[in-house]
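K.L.:
Next comes the structure file final.tsv, holding TSV, C-alpha atoms.
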```tsv
chain	number	residue	atom	x	y	z
A	1	MET	CA	8.93	-13.32	19.33
A	2	LYS	CA	11.91	-11.68	17.62
A	3	ASN	CA	13.26	-14.85	16.02
A	4	GLU	CA	9.75	-15.94	15.07
A	5	LEU	CA	9.17	-12.66	13.25
A	6	ILE	CA	12.51	-12.81	11.44
A	7	GLU	CA	11.97	-16.41	10.35
A	8	ARG	CA	8.48	-15.75	9.02
A	9	PHE	CA	9.33	-12.50	7.31
A	10	THR	CA	12.48	-13.70	5.56
A	11	SER	CA	10.66	-16.77	4.25
A	12	TYR	CA	7.82	-14.66	2.84
A	13	VAL	CA	10.00	-12.06	1.10
A	14	LYS	CA	11.90	-14.73	-0.81
A	15	VAL	CA	8.71	-15.52	-2.75
A	16	ASP	CA	8.40	-13.22	-5.77
A	17	THR	CA	4.87	-11.84	-5.51
A	18	GLN	CA	5.03	-8.71	-7.64
A	19	SER	CA	1.65	-7.95	-9.14
A	20	ASN	CA	1.16	-7.19	-12.84
A	21	GLU	CA	-1.37	-4.61	-13.97
A	22	ASN	CA	-1.27	-5.98	-17.53
A	23	SER	CA	-2.58	-9.35	-16.37
A	24	GLU	CA	-6.33	-9.98	-16.36
A	25	THR	CA	-6.18	-12.86	-13.86
A	26	CYS	CA	-6.70	-12.66	-10.11
A	27	PRO	CA	-4.20	-12.88	-8.59
A	28	SER	CA	-2.33	-11.22	-11.43
A	29	THR	CA	0.82	-13.34	-10.93
A	30	GLU	CA	1.56	-16.97	-10.05
A	31	GLY	CA	3.90	-16.01	-7.21
A	32	GLN	CA	0.96	-14.64	-5.26
A	33	TRP	CA	-0.70	-18.05	-5.46
A	34	THR	CA	2.51	-19.60	-4.14
A	35	LEU	CA	2.59	-17.39	-1.05
A	36	ALA	CA	-1.17	-17.63	-0.51
A	37	ARG	CA	-1.00	-21.42	-0.39
A	38	MET	CA	1.95	-21.22	2.00
A	39	LEU	CA	-0.11	-19.01	4.28
A	40	VAL	CA	-3.05	-21.42	4.22
A	41	LYS	CA	-0.82	-24.24	5.45
A	42	GLU	CA	0.73	-22.02	8.11
A	43	LEU	CA	-2.63	-20.77	9.37
A	44	GLN	CA	-3.75	-24.37	9.73
A	45	SER	CA	-0.53	-25.38	11.46
A	46	ILE	CA	-0.76	-22.66	14.14
A	47	GLY	CA	-4.34	-23.63	14.97
A	48	MET	CA	-6.50	-21.08	13.16
A	49	GLN	CA	-10.01	-22.22	12.21
A	50	GLU	CA	-12.16	-21.82	9.09
A	51	VAL	CA	-9.08	-21.44	6.90
A	52	THR	CA	-10.12	-20.89	3.29
A	53	ILE	CA	-8.66	-19.82	-0.04
A	54	ASP	CA	-11.04	-18.95	-2.85
A	55	GLU	CA	-10.72	-19.11	-6.63
A	56	ASN	CA	-9.25	-15.58	-6.69
A	57	GLY	CA	-6.49	-16.20	-4.15
A	58	TYR	CA	-8.11	-14.52	-1.12
A	59	VAL	CA	-7.09	-16.25	2.10
A	60	MET	CA	-9.31	-16.00	5.19
A	61	ALA	CA	-9.18	-17.57	8.64
A	62	THR	CA	-10.78	-17.31	12.08
A	63	LEU	CA	-9.48	-17.04	15.61
A	64	PRO	CA	-12.52	-18.31	17.60
A	65	PRO	CA	-13.66	-16.31	20.64
A	66	ASN	CA	-12.70	-17.48	24.12
A	67	THR	CA	-14.98	-15.17	26.10
A	68	GLN	CA	-18.66	-15.32	27.04
A	69	LYS	CA	-19.05	-11.60	26.37
A	70	GLU	CA	-20.76	-10.29	23.24
A	71	VAL	CA	-17.75	-8.87	21.41
A	72	PRO	CA	-17.90	-7.43	17.88
A	73	THR	CA	-15.99	-9.47	15.31
A	74	ILE	CA	-12.96	-7.53	14.11
A	75	GLY	CA	-10.55	-8.27	11.28
A	76	PHE	CA	-6.94	-7.71	10.24
A	77	LEU	CA	-5.77	-7.63	6.64
A	78	ALA	CA	-2.51	-7.53	4.70
A	79	HIS	CA	-1.72	-7.98	1.03
A	80	VAL	CA	0.55	-10.63	-0.45
A	81	ASP	CA	1.72	-8.74	-3.54
A	82	THR	CA	4.65	-6.36	-3.77
A	83	ALA	CA	5.05	-3.21	-5.84
A	84	THR	CA	5.71	-3.05	-9.55
A	85	ASP	CA	8.11	-0.09	-9.24
A	86	PHE	CA	11.24	-2.16	-8.62
A	87	THR	CA	12.11	-5.82	-8.99
A	88	GLY	CA	11.03	-8.24	-6.29
A	89	LYS	CA	12.71	-11.28	-7.81
A	90	ASN	CA	15.45	-13.08	-5.86
A	91	VAL	CA	15.07	-10.98	-2.71
A	92	ASN	CA	18.04	-11.65	-0.44
A	93	PRO	CA	17.26	-10.05	2.95
A	94	GLN	CA	20.20	-8.87	5.06
A	95	ILE	CA	20.01	-8.74	8.86
A	96	VAL	CA	21.84	-5.93	10.64
A	97	GLU	CA	22.06	-6.65	14.36
A	98	ASN	CA	22.46	-3.77	16.82
A	99	TYR	CA	22.59	-1.11	14.09
A	100	ASP	CA	25.21	1.52	14.90
A	101	GLY	CA	23.47	4.50	13.28
A	102	ASN	CA	25.98	4.89	10.45
A	103	GLU	CA	26.08	3.95	6.77
A	104	ILE	CA	24.89	0.47	5.81
A	105	VAL	CA	26.67	-1.14	2.87
A	106	LEU	CA	23.91	-3.00	1.09
A	107	ASN	CA	26.02	-4.22	-1.79
A	108	GLU	CA	29.78	-3.74	-1.76
A	109	ALA	CA	30.32	-4.91	-5.34
A	110	LEU	CA	27.71	-2.51	-6.74
A	111	LYS	CA	28.62	0.25	-4.25
A	112	VAL	CA	25.06	0.54	-2.97
A	113	VAL	CA	25.14	2.31	0.40
A	114	MET	CA	22.26	3.50	2.57
A	115	SER	CA	23.42	6.63	4.33
A	116	PRO	CA	21.94	8.82	7.08
A	117	LYS	CA	22.80	11.76	4.81
A	118	ASP	CA	20.25	10.56	2.29
A	119	PHE	CA	17.86	9.01	4.83
A	120	PRO	CA	17.86	11.24	7.93
A	121	SER	CA	15.60	8.92	9.94
A	122	LEU	CA	18.22	6.14	9.99
A	123	PRO	CA	19.99	7.22	13.22
A	124	GLU	CA	16.66	6.85	15.04
A	125	TYR	CA	17.10	3.10	14.61
A	126	LYS	CA	20.42	2.93	16.43
A	127	GLY	CA	20.51	-0.26	18.49
A	128	HIS	CA	17.70	-1.90	16.50
A	129	THR	CA	17.87	-5.09	14.49
A	130	LEU	CA	17.20	-4.06	10.88
A	131	ILE	CA	16.34	-6.14	7.84
A	132	THR	CA	17.49	-4.58	4.57
A	133	THR	CA	17.82	-5.53	0.92
A	134	ASP	CA	21.07	-6.54	-0.76
A	135	GLY	CA	20.83	-3.42	-2.92
A	136	THR	CA	19.44	-5.15	-6.02
A	137	THR	CA	15.72	-5.61	-5.21
A	138	LEU	CA	12.98	-4.21	-3.07
A	139	LEU	CA	12.50	-5.92	0.30
A	140	GLY	CA	8.77	-6.60	0.31
A	141	ALA	CA	8.02	-5.28	3.79
A	142	ASP	CA	5.09	-3.67	1.99
A	143	ASN	CA	3.20	-5.75	2.87
A	144	LYS	CA	4.81	-9.00	3.96
A	145	ALA	CA	5.65	-7.31	7.24
A	146	GLY	CA	1.92	-6.92	7.82
A	147	ILE	CA	1.34	-10.60	7.04
A	148	THR	CA	4.16	-11.54	9.44
A	149	GLU	CA	2.79	-9.41	12.25
A	150	ILE	CA	-0.79	-10.64	11.89
A	151	MET	CA	0.34	-14.27	11.72
A	152	THR	CA	2.60	-13.87	14.75
A	153	ALA	CA	-0.14	-12.14	16.75
A	154	MET	CA	-2.57	-14.98	15.99
A	155	ALA	CA	0.00	-17.61	16.99
A	156	TYR	CA	0.64	-15.74	20.25
A	157	LEU	CA	-3.05	-15.54	21.16
A	158	ILE	CA	-3.54	-19.24	20.42
A	159	LYS	CA	-0.63	-20.06	22.74
A	160	HIS	CA	-1.99	-17.71	25.43
A	161	PRO	CA	-5.67	-18.59	25.97
A	162	GLU	CA	-5.64	-16.60	29.21
A	163	ILE	CA	-5.89	-13.48	27.03
A	164	LYS	CA	-9.63	-13.04	26.48
A	165	HIS	CA	-10.83	-12.00	23.06
A	166	GLY	CA	-13.79	-12.07	20.74
A	167	LYS	CA	-13.90	-13.59	17.29
A	168	VAL	CA	-11.09	-12.35	15.06
A	169	ARG	CA	-10.97	-12.71	11.29
A	170	VAL	CA	-7.81	-12.37	9.20
A	171	ALA	CA	-7.42	-12.04	5.45
A	172	PHE	CA	-4.49	-11.97	3.06
A	173	THR	CA	-5.38	-10.41	-0.27
A	174	PRO	CA	-3.82	-10.14	-3.77
A	175	ASP	CA	-3.05	-7.24	-6.09
A	176	GLU	CA	-3.26	-4.29	-3.70
A	177	GLU	CA	-0.33	-2.57	-5.42
A	178	ILE	CA	-2.25	-2.35	-8.70
A	179	GLY	CA	-5.43	-1.12	-7.02
A	180	ARG	CA	-7.42	-4.33	-7.32
A	181	GLY	CA	-7.04	-5.70	-3.79
A	182	PRO	CA	-10.68	-5.48	-2.69
A	183	HIS	CA	-12.27	-5.98	-6.13
A	184	LYS	CA	-13.19	-9.61	-5.47
A	185	PHE	CA	-13.08	-9.49	-1.67
A	186	ASP	CA	-16.17	-11.11	-0.15
A	187	VAL	CA	-17.12	-8.72	2.67
A	188	ALA	CA	-20.11	-10.87	3.63
A	189	ALA	CA	-17.97	-14.00	3.93
A	190	PHE	CA	-15.37	-12.12	5.97
A	191	ASN	CA	-18.22	-11.10	8.27
A	192	ALA	CA	-16.45	-8.59	10.52
A	193	LYS	CA	-17.92	-5.39	11.94
A	194	TYR	CA	-14.74	-3.50	11.13
A	195	ALA	CA	-11.11	-4.25	10.35
A	196	TYR	CA	-7.59	-2.87	10.23
A	197	THR	CA	-5.06	-3.10	7.44
A	198	VAL	CA	-1.56	-3.62	8.83
A	199	ASP	CA	0.04	-1.82	5.92
A	200	GLY	CA	1.57	1.40	7.26
A	201	GLY	CA	5.16	2.56	7.57
A	202	PRO	CA	7.17	3.80	10.57
A	203	LEU	CA	6.34	3.21	14.22
A	204	GLY	CA	3.06	4.73	15.40
A	205	GLU	CA	1.40	5.45	12.07
A	206	LEU	CA	-2.38	5.40	12.39
A	207	GLU	CA	-4.32	6.44	9.32
A	208	TYR	CA	-8.03	6.67	8.64
A	209	GLU	CA	-8.08	9.19	5.79
A	210	SER	CA	-6.89	8.50	2.27
A	211	PHE	CA	-6.88	10.26	-1.06
A	212	ASN	CA	-9.76	10.37	-3.48
A	213	ALA	CA	-8.14	8.87	-6.55
A	214	ALA	CA	-8.59	8.78	-10.30
A	215	GLY	CA	-6.53	7.67	-13.27
A	216	ALA	CA	-6.33	9.58	-16.55
A	217	LYS	CA	-4.96	8.18	-19.81
A	218	ILE	CA	-4.55	10.62	-22.68
A	219	THR	CA	-3.78	9.44	-26.23
A	220	ILE	CA	-2.53	11.93	-28.80
A	221	LYS	CA	-2.30	11.17	-32.52
A	222	GLY	CA	0.21	13.00	-34.69
A	223	ASN	CA	1.29	12.82	-38.31
A	224	ASN	CA	4.78	11.67	-39.19
A	225	ILE	CA	6.31	13.08	-42.37
A	226	HIS	CA	9.92	12.88	-43.53
A	227	PRO	CA	11.59	15.85	-41.79
A	228	GLY	CA	13.00	17.04	-45.10
A	229	SER	CA	9.54	17.76	-46.43
A	230	ALA	CA	7.60	18.18	-43.21
A	231	LYS	CA	6.75	21.88	-43.34
A	232	ASP	CA	3.05	22.46	-42.65
A	233	LYS	CA	2.45	18.70	-42.75
A	234	MET	CA	4.10	17.10	-39.71
A	235	VAL	CA	2.19	17.00	-36.45
A	236	ASN	CA	4.46	15.93	-33.62
A	237	SER	CA	2.33	14.20	-30.99
A	238	MET	CA	5.14	14.39	-28.39
A	239	LYS	CA	5.26	18.17	-28.64
A	240	ILE	CA	1.49	18.38	-28.27
A	241	ALA	CA	1.79	16.14	-25.21
A	242	MET	CA	4.46	18.34	-23.66
A	243	ASN	CA	2.36	21.42	-24.30
A	244	LEU	CA	-0.69	19.74	-22.77
A	245	HIS	CA	1.27	18.73	-19.69
A	246	SER	CA	2.52	22.31	-19.26
A	247	LYS	CA	-1.08	23.44	-18.72
A	248	LEU	CA	-1.17	21.66	-15.36
A	249	PRO	CA	-0.03	23.59	-12.26
A	250	ILE	CA	3.67	22.78	-11.90
A	251	GLN	CA	3.71	22.92	-8.09
A	252	GLU	CA	0.78	20.49	-7.74
A	253	ALA	CA	2.91	17.40	-8.22
A	254	PRO	CA	4.06	14.74	-5.72
A	255	GLU	CA	7.54	16.22	-5.42
A	256	HIS	CA	6.09	19.54	-4.23
A	257	THR	CA	3.21	18.43	-1.98
A	258	GLU	CA	2.62	16.95	1.47
A	259	GLY	CA	-0.07	16.41	4.12
A	260	TYR	CA	-3.52	17.12	2.73
A	261	GLU	CA	-2.20	18.69	-0.51
A	262	GLY	CA	-3.36	16.96	-3.68
A	263	PHE	CA	-1.54	16.53	-6.98
A	264	PHE	CA	-1.40	15.50	-10.61
A	265	HIS	CA	1.27	12.87	-11.18
A	266	LEU	CA	2.57	12.06	-14.66
A	267	LEU	CA	3.21	8.36	-14.24
A	268	GLN	CA	4.14	7.43	-17.80
A	269	PHE	CA	5.03	9.31	-21.00
A	270	ASN	CA	5.49	7.07	-24.03
A	271	GLY	CA	5.53	8.22	-27.60
A	272	ASP	CA	6.96	9.20	-30.92
A	273	VAL	CA	5.92	11.68	-33.61
A	274	GLU	CA	2.93	9.59	-34.67
A	275	LEU	CA	1.46	8.60	-31.29
A	276	THR	CA	2.00	9.61	-27.65
A	277	LYS	CA	0.33	8.30	-24.51
A	278	LEU	CA	0.25	10.04	-21.14
A	279	HIS	CA	-0.80	8.27	-17.95
A	280	TYR	CA	-1.67	10.39	-14.91
A	281	ILE	CA	-2.91	9.68	-11.44
A	282	ILE	CA	-5.01	12.40	-9.78
A	283	ARG	CA	-5.17	12.64	-6.00
A	284	ASP	CA	-6.87	14.86	-3.41
A	285	HIS	CA	-8.23	14.31	0.10
A	286	ASP	CA	-11.01	16.87	-0.38
A	287	MET	CA	-13.85	15.69	-2.63
A	288	GLU	CA	-14.59	19.13	-4.09
A	289	ASN	CA	-10.91	19.69	-4.91
A	290	PHE	CA	-10.81	16.18	-6.40
A	291	LYS	CA	-13.73	17.01	-8.69
A	292	ALA	CA	-12.05	20.26	-9.67
A	293	ARG	CA	-8.84	18.43	-10.59
A	294	LYS	CA	-10.74	16.05	-12.85
A	295	ALA	CA	-12.60	18.96	-14.42
A	296	LEU	CA	-9.30	20.72	-15.14
A	297	ILE	CA	-7.97	17.67	-17.00
A	298	GLU	CA	-11.21	17.44	-18.98
A	299	ASN	CA	-11.13	21.14	-19.85
A	300	ILE	CA	-7.51	21.00	-21.01
A	301	VAL	CA	-8.25	17.99	-23.21
A	302	SER	CA	-11.32	19.76	-24.65
A	303	GLU	CA	-9.15	22.76	-25.50
A	304	PHE	CA	-6.67	20.55	-27.34
A	305	LYS	CA	-9.45	18.66	-29.12
A	306	ALA	CA	-10.71	21.96	-30.48
A	307	LYS	CA	-7.22	22.87	-31.70
A	308	TYR	CA	-6.03	19.53	-33.09
A	309	GLY	CA	-9.26	17.68	-33.88
A	310	SER	CA	-11.51	15.65	-31.61
A	311	ASP	CA	-10.41	12.39	-33.24
A	312	ASN	CA	-6.75	13.05	-32.45
A	313	ILE	CA	-7.00	13.52	-28.68
A	314	ASN	CA	-8.64	10.97	-26.42
A	315	LEU	CA	-9.13	10.95	-22.64
A	316	GLU	CA	-9.96	7.97	-20.44
A	317	LEU	CA	-10.76	9.22	-16.92
A	318	ASN	CA	-11.78	6.75	-14.23
A	319	ASP	CA	-12.22	6.99	-10.48
A	320	GLN	CA	-10.14	4.45	-8.53
A	321	TYR	CA	-11.07	4.88	-4.87
A	322	TYR	CA	-12.35	7.47	-2.41
A	323	ASN	CA	-11.32	8.96	0.94
A	324	MET	CA	-12.08	6.25	3.50
A	325	GLY	CA	-12.34	8.92	6.19
A	326	GLU	CA	-15.90	9.60	5.04
A	327	LYS	CA	-16.90	6.08	6.12
A	328	ILE	CA	-14.67	5.81	9.20
A	329	LYS	CA	-15.49	9.13	10.89
A	330	PRO	CA	-19.00	7.91	11.86
A	331	VAL	CA	-17.35	4.98	13.73
A	332	MET	CA	-14.31	6.78	15.13
A	333	GLU	CA	-14.27	4.44	18.13
A	334	ILE	CA	-12.33	1.96	15.98
A	335	VAL	CA	-9.58	4.55	15.50
A	336	ASP	CA	-9.75	5.43	19.20
A	337	ILE	CA	-9.16	1.79	20.19
A	338	ALA	CA	-6.06	1.61	17.98
A	339	HIS	CA	-4.86	4.92	19.45
A	340	GLU	CA	-5.40	3.65	22.99
A	341	ALA	CA	-3.63	0.38	22.18
A	342	MET	CA	-0.53	2.23	21.02
A	343	VAL	CA	-0.48	4.58	24.00
A	344	SER	CA	-0.78	1.64	26.41
A	345	LEU	CA	2.34	0.17	24.76
A	346	ASP	CA	4.26	3.47	25.07
A	347	ILE	CA	4.00	4.05	21.33
A	348	LYS	CA	3.31	7.62	20.24
A	349	PRO	CA	0.46	7.50	17.71
A	350	ILE	CA	1.12	9.44	14.53
A	351	VAL	CA	-2.33	10.19	13.13
A	352	LYS	CA	-2.04	11.49	9.60
A	353	PRO	CA	-3.71	11.10	6.21
A	354	ILE	CA	-2.45	8.40	3.90
A	355	ARG	CA	-0.89	9.96	0.85
A	356	GLY	CA	-2.03	7.02	-1.21
A	357	GLY	CA	-4.54	4.28	-0.76
A	358	THR	CA	-4.79	0.96	0.99
A	359	ASP	CA	-7.27	-1.86	0.59
A	360	GLY	CA	-9.12	-0.06	3.36
A	361	SER	CA	-9.90	2.82	0.99
A	362	GLN	CA	-12.16	0.55	-1.05
A	363	LEU	CA	-13.24	-1.81	1.73
A	364	SER	CA	-14.61	1.10	3.77
A	365	TYR	CA	-16.96	1.90	0.89
A	366	MET	CA	-17.90	-1.78	0.62
A	367	GLY	CA	-19.28	-1.74	4.17
A	368	LEU	CA	-16.17	-2.68	6.12
A	369	PRO	CA	-14.65	0.40	7.82
A	370	THR	CA	-10.90	-0.25	7.76
A	371	PRO	CA	-8.26	2.15	9.14
A	372	ASN	CA	-4.57	1.43	8.73
A	373	ILE	CA	-1.80	0.81	11.29
A	374	PHE	CA	1.99	0.75	11.05
A	375	THR	CA	4.28	-2.18	10.21
A	376	GLY	CA	7.63	-0.58	11.11
A	377	GLY	CA	9.07	-0.34	7.59
A	378	GLU	CA	10.51	2.54	5.60
A	379	ASN	CA	11.52	3.41	2.02
A	380	PHE	CA	8.98	1.05	0.48
A	381	HIS	CA	9.11	0.05	-3.21
A	382	GLY	CA	12.86	0.33	-3.74
A	383	LYS	CA	16.33	-0.99	-2.99
A	384	PHE	CA	16.64	1.13	0.18
A	385	GLU	CA	13.58	-0.44	1.79
A	386	PHE	CA	14.20	-1.68	5.32
A	387	ILE	CA	12.31	-2.65	8.44
A	388	SER	CA	13.06	-2.62	12.15
A	389	VAL	CA	12.45	-5.96	13.86
A	390	ASP	CA	12.08	-4.07	17.13
A	391	ASN	CA	9.18	-2.14	15.61
A	392	MET	CA	7.72	-5.28	14.07
A	393	ILE	CA	7.45	-6.60	17.63
A	394	LYS	CA	5.62	-3.40	18.58
A	395	ALA	CA	3.28	-3.72	15.59
A	396	THR	CA	2.50	-7.32	16.57
A	397	ASN	CA	1.82	-6.23	20.15
A	398	THR	CA	-0.43	-3.44	18.85
A	399	VAL	CA	-2.56	-6.00	17.00
A	400	ILE	CA	-2.81	-8.08	20.18
A	401	GLU	CA	-3.64	-5.03	22.29
A	402	ILE	CA	-6.41	-3.91	19.90
A	403	ILE	CA	-7.97	-7.37	20.22
A	404	LYS	CA	-7.69	-7.26	24.03
A	405	LEU	CA	-9.19	-3.76	24.28
A	406	THR	CA	-12.06	-4.67	21.96
A	407	GLU	CA	-13.01	-7.49	24.35
A	408	GLN	CA	-12.59	-5.34	27.44
A	409	LYS	CA	-14.80	-2.56	26.08
A	410	ALA	CA	-17.58	-4.90	24.95
```
Output the file's structure in the form of structure tokens.
P.N.:
Amino acid sequence: MKNELIERFTSYVKVDTQSNENSETCPSTEGQWTLARMLVKELQSIGMQEVTIDENGYVMATLPPNTQKEVPTIGFLAHVDTATDFTGKNVNPQIVENYDGNEIVLNEALKVVMSPKDFPSLPEYKGHTLITTDGTTLLGADNKAGITEIMTAMAYLIKHPEIKHGKVRVAFTPDEEIGRGPHKFDVAAFNAKYAYTVDGGPLGELEYESFNAAGAKITIKGNNIHPGSAKDKMVNSMKIAMNLHSKLPIQEAPEHTEGYEGFFHLLQFNGDVELTKLHYIIRDHDMENFKARKALIENIVSEFKAKYGSDNINLELNDQYYNMGEKIKPVMEIVDIAHEAMVSLDIKPIVKPIRGGTDGSQLSYMGLPTPNIFTGGENFHGKFEFISVDNMIKATNTVIEIIKLTEQKA
């Protein structure tokens, strides 16, 4: 299984599938089409049935049941796109066999080194086979590791018909990283009772709660006058923007929060004297706190409208997704099966809230309860991203074990 995982994963990450939020197409980039079509051919080649790809790049396939029992249809999902935070072009994965627990030189020429001093979890991987970047791109384990693990699990089950299972559906989706993953997902066509995204991080992660999420875009108009004659005439939109931002609680930001703590995150600040734009994301696990955060933004903007003119300050505030825990808690048996699967494989489950969102956040509200399980990767979205092949094997086995347990409990 090890070599199979490495071969699949390294072939997937070499395809540039970064999504693009400025594109109006679905998928948002051509590279996602390239990988999606590759996956269709591979699904067919390993023996999956009902392999489809629709006009929006959503790939689906079926592992037919091999048991006479009435077993609920379950699904597994992963997304083909990679993050927009750091380049995913020309990914050159490096394989570190029998990692010694010390520094890893990712790129000698550029002096890019991944050190346990900066990443304290690294020594935990001593003895593992790691796949890293070459220090110039992200790796793409988020979420090509999930694709790899699902594909490898399906291939294993097809080769081992003695393992009894119900009907299993798999899907590979576009544009998760820009929040659009489920927007055109056909839940009825997928036709599963529940599903799992294989989109988590380190070994044992099991997540069924996510943030409630909104995006806020604030536009501030100023008035640019030659500085030599600007007295009582110039209105500097950047200074207004800085003042507006200072009204938010300074400690309620990503760099100061953890666990169930919510935040305001200033994602972009672009401007000059004449015009400044602020882009925030707003996150909280608790719905009432989430509403209060949105109300605070609205109240601050109203205050500035009153001071600088309602035409000069504009707010666009839109909800993005909600806490999937509200939809999963009534069917907690699906989390319990994943928990039991990990324990049976001597994996310690780490049940914690997602400090972000997955496709499952939206899918759960579309009628498909979808918790999230680990892939084995760390440091997603940047040049220090890496994944343990040893833990990819465990993630693949977790998928298989969930399928086995679902049949046994039917």
K.L.:
With distances taken over all atoms listed in the file, which residue among A:His285, A:His165, A:Lys291, A:Lys117 lies nearest Lys352 of chain A?
P.N.:
A:His285
K.L.:
Please identify all polymer residues within 7 Å of segment 366-375 of chain A, counting all atoms listed in the file, omitting same-chain residues fewer than 5 positions from it, and present them as a short mmCIF file (atom, residue, chain, number, x, y, z; two decimals) with C-alpha atoms, in the frame of the given file.
P.N.:
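Generated output (selection_1.cif):
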```
data_model
loop_
_atom_site.label_atom_id
_atom_site.label_comp_id
_atom_site.auth_asym_id
_atom_site.auth_seq_id
_atom_site.Cartn_x
_atom_site.Cartn_y
_atom_site.Cartn_z
CA ALA A 145 5.65 -7.31 7.24
CA GLY A 146 1.92 -6.92 7.82
CA LYS A 193 -17.92 -5.39 11.94
CA TYR A 194 -14.74 -3.50 11.13
CA ALA A 195 -11.11 -4.25 10.35
CA TYR A 196 -7.59 -2.87 10.23
CA THR A 197 -5.06 -3.10 7.44
CA VAL A 198 -1.56 -3.62 8.83
CA ASP A 199 0.04 -1.82 5.92
CA GLY A 200 1.57 1.40 7.26
CA GLY A 201 5.16 2.56 7.57
CA PRO A 202 7.17 3.80 10.57
CA LEU A 203 6.34 3.21 14.22
CA GLY A 204 3.06 4.73 15.40
CA GLU A 205 1.40 5.45 12.07
CA LEU A 206 -2.38 5.40 12.39
CA GLU A 207 -4.32 6.44 9.32
CA TYR A 208 -8.03 6.67 8.64
CA LYS A 327 -16.90 6.08 6.12
CA ILE A 328 -14.67 5.81 9.20
CA VAL A 335 -9.58 4.55 15.50
CA GLY A 360 -9.12 -0.06 3.36
CA MET A 392 7.72 -5.28 14.07
CA ALA A 395 3.28 -3.72 15.59
#
```
K.L.:
Which residue gives the smallest distance to Glu258 of chain A among A:Gly376, A:Arg283, A:Ile46, A:Lys409, with all atoms listed in the file counted?
P.N.:
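Looking at the shortest contact to Glu258 of chain A, the residue is A:Arg283.
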K.L.:
What's the separation between atom CA of Gly357 of chain A and atom CA of Gly179 of chain A, in Å to one decimal place?
P.N.:
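The value is 8.3 Å.
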K.L.:
Give as a VMD selection string every residue, naming chains and numbers as the document does, that has an atom within 7 Å of (-2.5, 7.1, -17.9), counting all atoms listed in the file.
P.N.:
chain A and resid 215 to 218 267 to 268 278 to 281
K.L.:
What separation in Å, quoted to one decimal, exists between atom CA of Phe190 of chain A and atom CA of Met48 of chain A?
P.N.:
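These atoms are spaced 14.5 Å apart.
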K.L.:
What does the distance from atom CA of Leu35 of chain A to atom CA of Met324 of chain A come to in Å, to one decimal?
P.N.:
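Interatomic distance, atom CA of Leu35 of chain A to atom CA of Met324 of chain A: 28.2 Å.
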